[in-house]
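*Asks:* Provided herewith is a single structure, encoded as structure tokens, for subsequent inquiry.
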Amino acid sequence: RTISEMAYKPFRISDGPLTVRFLRWPTLSPNGATLAFQAVGRVWLMDRPSGAPRRLTPGSFAEQQEFAPAWSPDGQWIAFTTWDDGVGGYVWKMRVRGGAPERLTTEAGEYVHPAWSGDGQTLIVARGAGTTMEKRTLTADPWWDIVKIPAAGGQPELVTRVALPAGSEPSSVARRAILQPSLGPGGRVFFPEFQSAGRGLKTVLVSVRPDGTDRREHLTLPAADEMSPSPDGKWVAFEEGDNVYLTALPM
């Protein structure tokens, strides 16, 4: 046998029901009754504890991929982002009880990880540098902008830019390359930032006001991937080495 004969084996992909083995962005509704998550390129809802998953968006919604569902504070809306390799992505919102998705951004971009303000009037979103236009992936972006968008839709407004240290390559933070901002006490915007530490990098939890001012560094960890404060600002959860930890948050 040749190598090509051994490597190729035709098989049929069924169009019937399938067992999903990989879920992303699981997030509970404010009342804890419903779980939103992403699987096979779509956002789904499931009533706890054992309801049947149902798709959030209608079957006619033709966007390529749906990502990162985020509940509004009143539990009535879910914001999410989309991606299409040929067009780019947008930020959307949709009523949980049904209807048509509403597009909040007019210009395509690399949007991910929306988060609602406490009053439900604004969304904080990470927007990539645009390396996908060079046929690379989101993990190759050397910087991310945190932008805020009116929940009714409108032009994104820059909060702050989060860049890798000078001389660092995106490959050095491949596991944690896509920025995930969050909102904490006082409406402050929190995000992990990578800073130089000898020959490597350290992860610093930083926060700014919604207008990008009053920068504060709260906590430094040697190799954390994701970091997020609790709503009351007393704790921070972080992921490091495939484990999740909780520690007090210095303000």
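In the structure tokens, each chain is lettered A, B, ... as it comes, each chain's residues begin at 1, and ligands are numbered from 1 in order of appearance.
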Please return, as a PyMOL selection string, all residues of stretch 55-213 of chain A that DSSP assigns to strand (DSSP E or B) on the basis of the backbone.
*Replies:* chain A and resi 55+65-71+77-84+88-89+91-95+102-103+109+111-116+122-128+143-150+157-163+182-183+189-197+200-208
*Asks:* Could you tell me which of A:Asp84, A:Glu110, A:Asp74, A:Asp232 comes closest to A:Leu183 if we count only C-alpha atoms?
*Replies:*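 Once distances to A:Leu183 are computed over only C-alpha atoms, the minimum belongs to A:Asp232.
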*Asks:* Could you tell me, as a PyMOL selection string, which residues of stretch 106-180 of chain A DSSP assigns to helix (DSSP H, G or I) when given the backbone?
*Replies:* chain A and resi 131-134+138-140+170-176
*Asks:* List as a ChimeraX atom specification the protein and nucleic acid residues near A:Pro222, meaning an atom at most 8 Å away when only C-alpha atoms are counted, but skip any in the same chain fewer than 2 places from it.
*Replies:* /A:201-203,220,224
*Asks:* Would you mind listing what lies within 10 Å of A:Trp77 as a VMD selection string, with only C-alpha atoms counted and same-chain residues fewer than 4 positions away left out?
*Replies:* chain A and resid 29 69 to 73 93 to 98 120
*Asks:* Which residue is closest to A:Arg136? Choose from A:Gly184, A:Ala62, A:Asp85, A:Ala115 and count only C-alpha atoms.
*Replies:*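 Of the candidates, the smallest distance to A:Arg136 is held by A:Asp85.
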*Asks:* Neighbours of stretch 38-53 of chain A within 9 Å (only C-alpha atoms; same-chain residues fewer than 6 positions away dropped), as a VMD selection string?
*Replies:* chain A and resid 20 to 26 32 64 to 69 80 96
*Asks:* For A:Arg216, which of A:Phe37, A:Phe61, A:Phe190, A:Trp143 is the closest residue, counting only C-alpha atoms?
*Replies:*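 Going through A:Phe37, A:Phe61, A:Phe190, A:Trp143 one by one, the smallest distance to A:Arg216 is for A:Phe190.
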*Asks:* Find the residues around A:Val208 up to 7 Å (only C-alpha atoms counted), leave out those fewer than 5 positions away in its own chain, and share them as a list in words.
*Replies:* Arg188, Val189, Phe190, Thr213, Asp214, Arg215 and Arg216 of chain A
